[in-house]
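Novice: To start, I am sharing the structure in question, which I have written as structure tokens.
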Number of protein chains: 2
Amino acid sequence: MRIGELAERQGVTTKAIRFYESIGLLPDPERTPSGYRAYGEVDAERLAFIKTAQRLGLSLDEIKGIIAFRDRGEQPCGYVADVLRRQVSDLDRRIREMRALRDELRHLEARASGGEGPASTYCAVIEHVHLEDRASE
Amino acid sequence: MRIGELAERQGVTTKAIRFYESIGLLPDPERTPSGYRAYGEVDAERLAFIKTAQRLGLSLDEIKGIIAFRDRGEQPCGYVADVLRRQVSDLDRRIREMRALRDELRHLEARASGGEGPASTYCAVIEHVHLEDRASE
DNA sequence: ATATACCTTCCACTAAGGGGGAAGGTCAAG
DNA sequence: CTTGACCTTCCCCCTTAGTGGAAGGTATAT
């Protein structure tokens with residue numbers, strides 16, 4: 001299959017496929033006599049794997065590492081488990097941060113909508129953020 | 001005060017300050033006869049405001065919008081409330097996505113550590129991800 | 001006079017591509 | 001034979017929020 005068909009089947013752009021090839025994430029494909037890239041099912045599966053791993057939050061660099069194990073014929077399980085563990089604790093941390101931030105924003109936004117608050121030069125919300133920030137330093 | 005002092009006082013790099021200036025987030029500062037940037041308290045406060053807003057998850061572009069109100073002498077409260085509301089719902093969505101992803105990763109990682117699972121060509125974890133991905137399409 | 005610390009400008013780089021175009025080759029149908 | 005869709009390489013610019021370095025100017029202390 002040619003690049004356009006592969007791209008459409010896997011829901012990516014031809015640009016992305018050539019980009020993955022350029023960074024070594026996809027192997028140099030076969031070529032037709034006229035120079036067109038020719039892909040097979042293996043390539044489609046690899047692209048699907050890349051997309052899955054990306055959906056799991058892995059960077060293209062991490063994915064490249066996992067695929068390198070595959071290509072060397074080694075078992076990437078240990079490495080994958082490591083990557084996933086790091087990913088999970090990273091997500092836990094980010095979720096905690098976001099929750100704290102969201103709660104703070106809700107608070108501020110309620111005040112901004114309410115319109116009450118002390119007199120301020122420009123806007124009570126901004127001054128408030130200002131003060132809270134300076135107080136927390 | 002010179003750029004280095006301002007940077008250290010506010011906990012940013014001189015690079016960041018010049019960058020903010022280049023995108024119009026900070027005004028072009030006064031210059032000493034030798035061409036050094038000369039800042040005052042107003043600039044320090046503005047930088048503090050930028051940092052606070054950034055900590056609240058606003059992009060430099062959004063911050064620029066808020067500052068523009070200030071600079072026009074208008075009350076940015078309504079605009080700020082809008083931005084904050086959007087920020088909250090955005091965070092809610094992202095927290096939900098991250099939680100779902102984290103749960104999926106924990107599941108996978110537990111399997112990767114366990115080592116059990118069906119026979120696979122390379123690694124059970126990867127094949128599993130593979131299968132789940134294809135099943136969800 | 002020189003060491004150093006600080007400042008200036010400008011250019012390139014990051015992740016992960018998106019977007020567009022130029023200039024050309026190829027393949028199928030009508 | 002030509003049209004249109006597809007492909008090739010190469011090129012440059014855009015995004016976020018800066019970071020890093022090079023080449024050179026300035027301030028201050030010794």
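Residue numbering restarts at 1 for every chain of the structure tokens, chains are lettered A, B, ... in their displayed order, and ligands are numbered from 1 as they appear.
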Just the residues within 9 Å of stretch 19-22 of chain C, please, counting only C-alpha atoms (C1' of nucleotides), with nothing from its chain fewer than 4 positions along; format it as an MDAnalysis selection string.

Specialist: chainID D and resid 10:11 13:14

Novice: Using the selection just defined, write its residues with C-alpha atoms (C1' of nucleotides) as an mmCIF file, in the first residue's frame.

Specialist:
data_model
loop_
_atom_site.group_PDB
_atom_site.id
_atom_site.type_symbol
_atom_site.label_atom_id
_atom_site.label_comp_id
_atom_site.auth_asym_id
_atom_site.auth_seq_id
_atom_site.Cartn_x
_atom_site.Cartn_y
_atom_site.Cartn_z
ATOM 1 C "C1'" DC D 10 13.368 19.990 -0.475
ATOM 2 C "C1'" DC D 11 12.295 24.263 1.553
ATOM 3 C "C1'" DC D 13 7.582 29.273 8.615
ATOM 4 C "C1'" DC D 14 4.351 28.441 12.719
#

Novice: Where does chain A end up after superposition onto chain B over all in-order Cα pairs? Give it as a compact mmCIF listing (two decimals) with C-alpha atoms, in the first residue's frame.

Specialist:
# COMPACT_ATOMS: atom_id res chain seq x y z
CA MET A 1 17.44 48.37 38.98
CA ARG A 2 19.15 46.58 36.12
CA ILE A 3 17.98 43.47 34.33
CA GLY A 4 20.14 41.06 36.32
CA GLU A 5 18.82 42.29 39.65
CA LEU A 6 15.20 42.18 38.45
CA ALA A 7 15.71 38.67 37.12
CA GLU A 8 17.23 37.40 40.33
CA ARG A 9 14.59 39.07 42.52
CA GLN A 10 11.76 37.54 40.53
CA GLY A 11 13.38 34.20 39.90
CA VAL A 12 13.53 34.38 36.12
CA THR A 13 16.40 34.60 33.67
CA THR A 14 17.49 37.77 31.89
CA LYS A 15 16.77 35.84 28.70
CA ALA A 16 13.13 35.45 29.72
CA ILE A 17 12.78 39.15 30.55
CA ARG A 18 14.15 40.20 27.16
CA PHE A 19 11.88 37.60 25.57
CA TYR A 20 8.81 38.99 27.36
CA GLU A 21 9.80 42.44 26.16
CA SER A 22 10.20 41.19 22.60
CA ILE A 23 6.65 39.79 22.52
CA GLY A 24 5.19 42.91 24.14
CA LEU A 25 4.42 41.34 27.48
CA LEU A 26 6.70 43.77 29.26
CA PRO A 27 6.94 47.38 28.07
CA ASP A 28 10.15 48.78 26.66
CA PRO A 29 11.98 49.84 29.79
CA GLU A 30 13.77 53.08 30.51
CA ARG A 31 17.41 53.07 29.64
CA THR A 32 20.40 54.42 31.47
CA PRO A 33 22.59 56.85 29.48
CA SER A 34 24.80 53.87 28.66
CA GLY A 35 21.89 51.87 27.29
CA TYR A 36 21.27 49.49 30.18
CA ARG A 37 17.66 48.59 30.86
CA ALA A 38 16.45 50.33 34.01
CA TYR A 39 13.50 48.83 35.87
CA GLY A 40 11.39 50.03 38.77
CA GLU A 41 8.99 48.48 41.23
CA VAL A 42 6.17 48.63 38.70
CA ASP A 43 8.09 46.29 36.43
CA ALA A 44 8.82 43.92 39.27
CA GLU A 45 5.12 43.79 40.10
CA ARG A 46 4.19 43.20 36.48
CA LEU A 47 6.68 40.38 36.25
CA ALA A 48 5.27 38.92 39.47
CA PHE A 49 1.80 39.12 37.97
CA ILE A 50 2.96 37.33 34.84
CA LYS A 51 4.49 34.57 36.93
CA THR A 52 1.33 34.19 38.98
CA ALA A 53 -0.90 34.03 35.95
CA GLN A 54 1.46 31.51 34.41
CA ARG A 55 1.30 29.39 37.53
CA LEU A 56 -2.49 29.49 37.16
CA GLY A 57 -2.00 27.87 33.77
CA LEU A 58 -2.60 30.89 31.56
CA SER A 59 -0.59 31.16 28.37
CA LEU A 60 1.57 34.19 27.72
CA ASP A 61 -0.98 35.16 25.10
CA GLU A 62 -3.84 35.12 27.58
CA ILE A 63 -1.76 37.06 30.06
CA LYS A 64 -1.03 39.59 27.35
CA GLY A 65 -4.78 39.99 26.84
CA ILE A 66 -5.38 40.65 30.52
CA ILE A 67 -2.53 43.12 30.72
CA ALA A 68 -3.85 44.89 27.62
CA PHE A 69 -7.05 45.65 29.55
CA ARG A 70 -5.00 47.06 32.37
CA ASP A 71 -3.00 49.19 30.00
CA ARG A 72 -6.15 50.57 28.38
CA GLY A 73 -7.41 51.46 31.85
CA GLU A 74 -10.37 49.11 31.46
CA GLN A 75 -11.63 46.61 34.00
CA PRO A 76 -10.49 43.17 32.92
CA CYS A 77 -12.69 41.40 35.51
CA GLY A 78 -15.18 40.02 33.03
CA TYR A 79 -12.46 38.87 30.70
CA VAL A 80 -10.48 37.38 33.55
CA ALA A 81 -13.54 35.52 34.80
CA ASP A 82 -14.05 34.11 31.29
CA VAL A 83 -10.46 32.98 31.02
CA LEU A 84 -10.58 31.41 34.46
CA ARG A 85 -13.86 29.62 33.74
CA ARG A 86 -12.41 28.13 30.57
CA GLN A 87 -9.30 27.16 32.50
CA VAL A 88 -11.33 25.36 35.15
CA SER A 89 -13.38 23.29 32.72
CA ASP A 90 -10.24 22.51 30.78
CA LEU A 91 -8.58 21.28 33.94
CA ASP A 92 -11.63 19.21 34.88
CA ARG A 93 -11.54 17.52 31.51
CA ARG A 94 -7.82 16.87 31.66
CA ILE A 95 -8.07 15.48 35.20
CA ARG A 96 -10.77 13.06 34.09
CA GLU A 97 -8.68 11.94 31.12
CA MET A 98 -5.60 11.49 33.24
CA ARG A 99 -7.42 9.47 35.85
CA ALA A 100 -8.83 7.12 33.22
CA LEU A 101 -5.38 6.78 31.67
CA ARG A 102 -3.71 6.19 35.00
CA ASP A 103 -6.15 3.43 35.88
CA GLU A 104 -5.53 1.76 32.55
CA LEU A 105 -1.77 2.04 33.01
CA ARG A 106 -1.93 0.58 36.49
CA HIS A 107 -3.79 -2.35 35.06
CA LEU A 108 -1.24 -2.89 32.31
CA GLU A 109 1.71 -2.39 34.59
CA ALA A 110 0.40 -4.95 37.06
CA ARG A 111 0.25 -7.44 34.22
CA ALA A 112 3.72 -6.48 33.01
CA SER A 113 5.19 -7.02 36.49
CA GLY A 114 3.25 -10.23 37.08
CA GLY A 115 4.72 -11.81 34.00
CA GLU A 116 1.78 -14.12 33.45
CA GLY A 117 -0.47 -13.93 30.46
CA PRO A 118 -0.80 -15.68 27.14
CA ALA A 119 2.17 -16.59 24.99
CA SER A 120 3.29 -13.70 22.78
CA THR A 121 5.78 -13.02 20.07
CA TYR A 122 7.59 -10.22 21.85
CA CYS A 123 5.98 -9.20 25.09
CA ALA A 124 2.58 -9.92 26.60
CA VAL A 125 2.13 -6.34 27.73
CA ILE A 126 2.66 -4.95 24.28
CA GLU A 127 0.50 -7.52 22.61
CA HIS A 128 -2.17 -6.81 25.18
CA VAL A 129 -2.09 -3.09 24.55
CA HIS A 130 -2.20 -3.92 20.94
CA LEU A 131 -5.27 -6.08 21.24
CA GLU A 132 -7.10 -3.70 23.51
CA ASP A 133 -6.42 -0.86 21.17
CA ARG A 134 -7.64 -2.76 18.14
CA ALA A 135 -10.70 -3.91 20.05
CA SER A 136 -11.61 -0.37 21.04
CA GLU A 137 -11.48 0.92 17.48

Novice: Report as CSV: every residue of chain C with an atom at most 12 Å from chain A, its closest pair of atoms, and their distance in Å to one decimal, counting only C-alpha atoms (C1' of nucleotides), with rows sorted by chain and ascending residue number.

Specialist:
residue,atom,partner,partner_atom,distance
C:DA15,C1',A:Ser59,CA,8.5
C:DA16,C1',A:Leu60,CA,8.3
C:DG17,C1',A:Ala16,CA,6.8
C:DG18,C1',A:Lys15,CA,8.5
C:DG19,C1',A:Lys15,CA,10.0
C:DG20,C1',A:Lys15,CA,12.0
C:DG25,C1',A:Ser34,CA,8.2
C:DT26,C1',A:Ser34,CA,7.2
C:DC27,C1',A:Ser34,CA,10.2

Novice: Once you have the residues from the selection above, write them out as a PDB file, in the first residue's frame, restricted to N, CA and C atoms (P, O5', C5', C4', C3', O3' and C1' of nucleotides).

Specialist:
ATOM      1  P    DA C  15      13.195  17.328  21.602  1.00  0.00           P
ATOM      2  O5'  DA C  15      11.647  17.679  21.701  1.00  0.00           O
ATOM      3  C5'  DA C  15      11.002  17.763  22.957  1.00  0.00           C
ATOM      4  C4'  DA C  15       9.558  17.351  22.826  1.00  0.00           C
ATOM      5  C3'  DA C  15       9.248  16.239  21.838  1.00  0.00           C
ATOM      6  O3'  DA C  15       8.060  15.579  22.260  1.00  0.00           O
ATOM      7  C1'  DA C  15       8.444  18.321  21.001  1.00  0.00           C
ATOM      8  P    DA C  16       7.674  14.226  21.732  1.00  0.00           P
ATOM      9  O5'  DA C  16       6.710  14.601  20.520  1.00  0.00           O
ATOM     10  C5'  DA C  16       5.507  15.304  20.789  1.00  0.00           C
ATOM     11  C4'  DA C  16       4.874  15.714  19.481  1.00  0.00           C
ATOM     12  C3'  DA C  16       5.087  14.742  18.317  1.00  0.00           C
ATOM     13  O3'  DA C  16       3.881  14.572  17.608  1.00  0.00           O
ATOM     14  C1'  DA C  16       5.667  16.880  17.665  1.00  0.00           C
ATOM     15  P    DG C  17       3.749  13.377  16.584  1.00  0.00           P
ATOM     16  O5'  DG C  17       4.781  13.763  15.425  1.00  0.00           O
ATOM     17  C5'  DG C  17       4.312  14.252  14.187  1.00  0.00           C
ATOM     18  C4'  DG C  17       3.828  15.685  14.323  1.00  0.00           C
ATOM     19  C3'  DG C  17       3.054  16.213  13.130  1.00  0.00           C
ATOM     20  O3'  DG C  17       1.661  16.168  13.414  1.00  0.00           O
ATOM     21  C1'  DG C  17       4.445  17.866  14.145  1.00  0.00           C
ATOM     22  P    DG C  18       0.643  16.423  12.224  1.00  0.00           P
ATOM     23  O5'  DG C  18       0.595  18.009  12.078  1.00  0.00           O
ATOM     24  C5'  DG C  18      -0.010  18.810  13.078  1.00  0.00           C
ATOM     25  C4'  DG C  18      -0.366  20.157  12.482  1.00  0.00           C
ATOM     26  C3'  DG C  18      -0.987  20.085  11.092  1.00  0.00           C
ATOM     27  O3'  DG C  18      -1.984  21.091  11.001  1.00  0.00           O
ATOM     28  C1'  DG C  18       1.018  21.307  10.969  1.00  0.00           C
ATOM     29  P    DG C  19      -2.971  21.074   9.719  1.00  0.00           P
ATOM     30  O5'  DG C  19      -2.299  22.144   8.744  1.00  0.00           O
ATOM     31  C5'  DG C  19      -1.811  23.372   9.259  1.00  0.00           C
ATOM     32  C4'  DG C  19      -1.116  24.158   8.161  1.00  0.00           C
ATOM     33  C3'  DG C  19      -1.522  23.741   6.749  1.00  0.00           C
ATOM     34  O3'  DG C  19      -2.149  24.845   6.105  1.00  0.00           O
ATOM     35  C1'  DG C  19       0.846  23.965   6.948  1.00  0.00           C
ATOM     36  P    DG C  20      -2.870  24.665   4.740  1.00  0.00           P
ATOM     37  O5'  DG C  20      -1.796  25.260   3.722  1.00  0.00           O
ATOM     38  C5'  DG C  20      -1.086  26.443   4.079  1.00  0.00           C
ATOM     39  C4'  DG C  20       0.131  26.580   3.190  1.00  0.00           C
ATOM     40  C3'  DG C  20      -0.082  26.053   1.779  1.00  0.00           C
ATOM     41  O3'  DG C  20      -0.166  27.161   0.871  1.00  0.00           O
ATOM     42  C1'  DG C  20       2.073  25.458   2.650  1.00  0.00           C
ATOM     43  P    DG C  25      10.738  15.354 -13.947  1.00  0.00           P
ATOM     44  O5'  DG C  25      10.054  14.125 -13.196  1.00  0.00           O
ATOM     45  C5'  DG C  25      10.790  13.415 -12.198  1.00  0.00           C
ATOM     46  C4'  DG C  25       9.925  12.276 -11.677  1.00  0.00           C
ATOM     47  C3'  DG C  25       9.342  11.380 -12.765  1.00  0.00           C
ATOM     48  O3'  DG C  25       9.402  10.027 -12.321  1.00  0.00           O
ATOM     49  C1'  DG C  25       7.600  12.275 -11.474  1.00  0.00           C
ATOM     50  P    DT C  26       8.984   8.881 -13.327  1.00  0.00           P
ATOM     51  O5'  DT C  26       7.488   8.580 -12.840  1.00  0.00           O
ATOM     52  C5'  DT C  26       7.255   8.236 -11.493  1.00  0.00           C
ATOM     53  C4'  DT C  26       5.821   7.742 -11.312  1.00  0.00           C
ATOM     54  C3'  DT C  26       5.275   6.884 -12.446  1.00  0.00           C
ATOM     55  O3'  DT C  26       4.489   5.888 -11.853  1.00  0.00           O
ATOM     56  C1'  DT C  26       3.827   8.675 -12.097  1.00  0.00           C
ATOM     57  P    DC C  27       4.396   4.429 -12.471  1.00  0.00           P
ATOM     58  O5'  DC C  27       2.848   4.133 -12.234  1.00  0.00           O
ATOM     59  C5'  DC C  27       2.203   4.691 -11.088  1.00  0.00           C
ATOM     60  C4'  DC C  27       0.719   4.915 -11.365  1.00  0.00           C
ATOM     61  C3'  DC C  27       0.141   4.082 -12.507  1.00  0.00           C
ATOM     62  O3'  DC C  27      -0.983   3.385 -12.012  1.00  0.00           O
ATOM     63  C1'  DC C  27      -0.472   6.364 -12.741  1.00  0.00           C
TER      64       DC C  27
END

Novice: Write out as a ChimeraX atom specification each polymer residue whose atoms come within 10 Å of D:DA27, counting only C-alpha atoms (C1' of nucleotides); drop sequence neighbours fewer than 5 positions from it.

Specialist: /C:5-7

Novice: Should the cut-off be 9 Å, what would the residue list for chain D against chain B look like, counting only C-alpha atoms (C1' of nucleotides), as a VMD selection string?

Specialist: chain D and resid 16 to 19 25 to 26

Novice: Write a file of the selected residues as a compact mmCIF listing (two decimals), in the first residue's frame, keeping N, CA and C atoms (P, O5', C5', C4', C3', O3' and C1' of nucleotides).

Specialist:
# COMPACT_ATOMS: atom_id res chain seq x y z
P DT D 16 1.59 29.97 20.76
O5' DT D 16 2.38 29.06 21.81
C5' DT D 16 1.86 27.81 22.20
C4' DT D 16 2.50 27.40 23.51
C3' DT D 16 3.03 28.58 24.34
O3' DT D 16 2.83 28.28 25.71
C1' DT D 16 4.84 27.19 23.63
P DA D 17 2.73 29.42 26.78
O5' DA D 17 4.21 29.44 27.38
C5' DA D 17 4.71 28.27 28.02
C4' DA D 17 6.21 28.39 28.13
C3' DA D 17 6.70 29.77 28.58
O3' DA D 17 7.78 29.58 29.49
C1' DA D 17 7.80 29.16 26.66
P DG D 18 8.18 30.76 30.49
O5' DG D 18 8.92 31.76 29.52
C5' DG D 18 10.34 31.82 29.49
C4' DG D 18 10.93 30.59 28.81
C3' DG D 18 12.43 30.45 28.95
O3' DG D 18 12.72 29.63 30.05
C1' DG D 18 11.61 29.74 26.79
P DT D 19 14.11 29.70 30.72
O5' DT D 19 15.07 28.89 29.71
C5' DT D 19 14.94 27.47 29.58
C4' DT D 19 16.10 26.94 28.73
C3' DT D 19 17.49 27.40 29.19
O3' DT D 19 18.33 26.26 29.18
C1' DT D 19 17.18 27.90 26.90
P DG D 25 32.94 45.47 20.57
O5' DG D 25 32.10 46.08 21.78
C5' DG D 25 30.78 46.58 21.51
C4' DG D 25 30.12 46.96 22.81
C3' DG D 25 30.91 47.94 23.67
O3' DG D 25 30.01 48.86 24.28
C1' DG D 25 30.48 45.98 24.91
P DT D 26 30.65 50.03 25.20
O5' DT D 26 30.40 49.48 26.68
C5' DT D 26 29.06 49.29 27.13
C4' DT D 26 29.07 49.01 28.62
C3' DT D 26 29.88 49.99 29.48
O3' DT D 26 29.10 50.26 30.61
C1' DT D 26 30.56 47.79 29.93

Novice: I'd like to know which residues of chain B are strand (DSSP E) (by DSSP, run on the backbone); could you write them as a ChimeraX atom specification?

Specialist: /B:30-31,37-38

Novice: Can you measure atom C1' of C:DC13 to atom C1' of D:DA23 for me? One decimal in Å is fine.

Specialist: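 So the answer is 18.6 Å.
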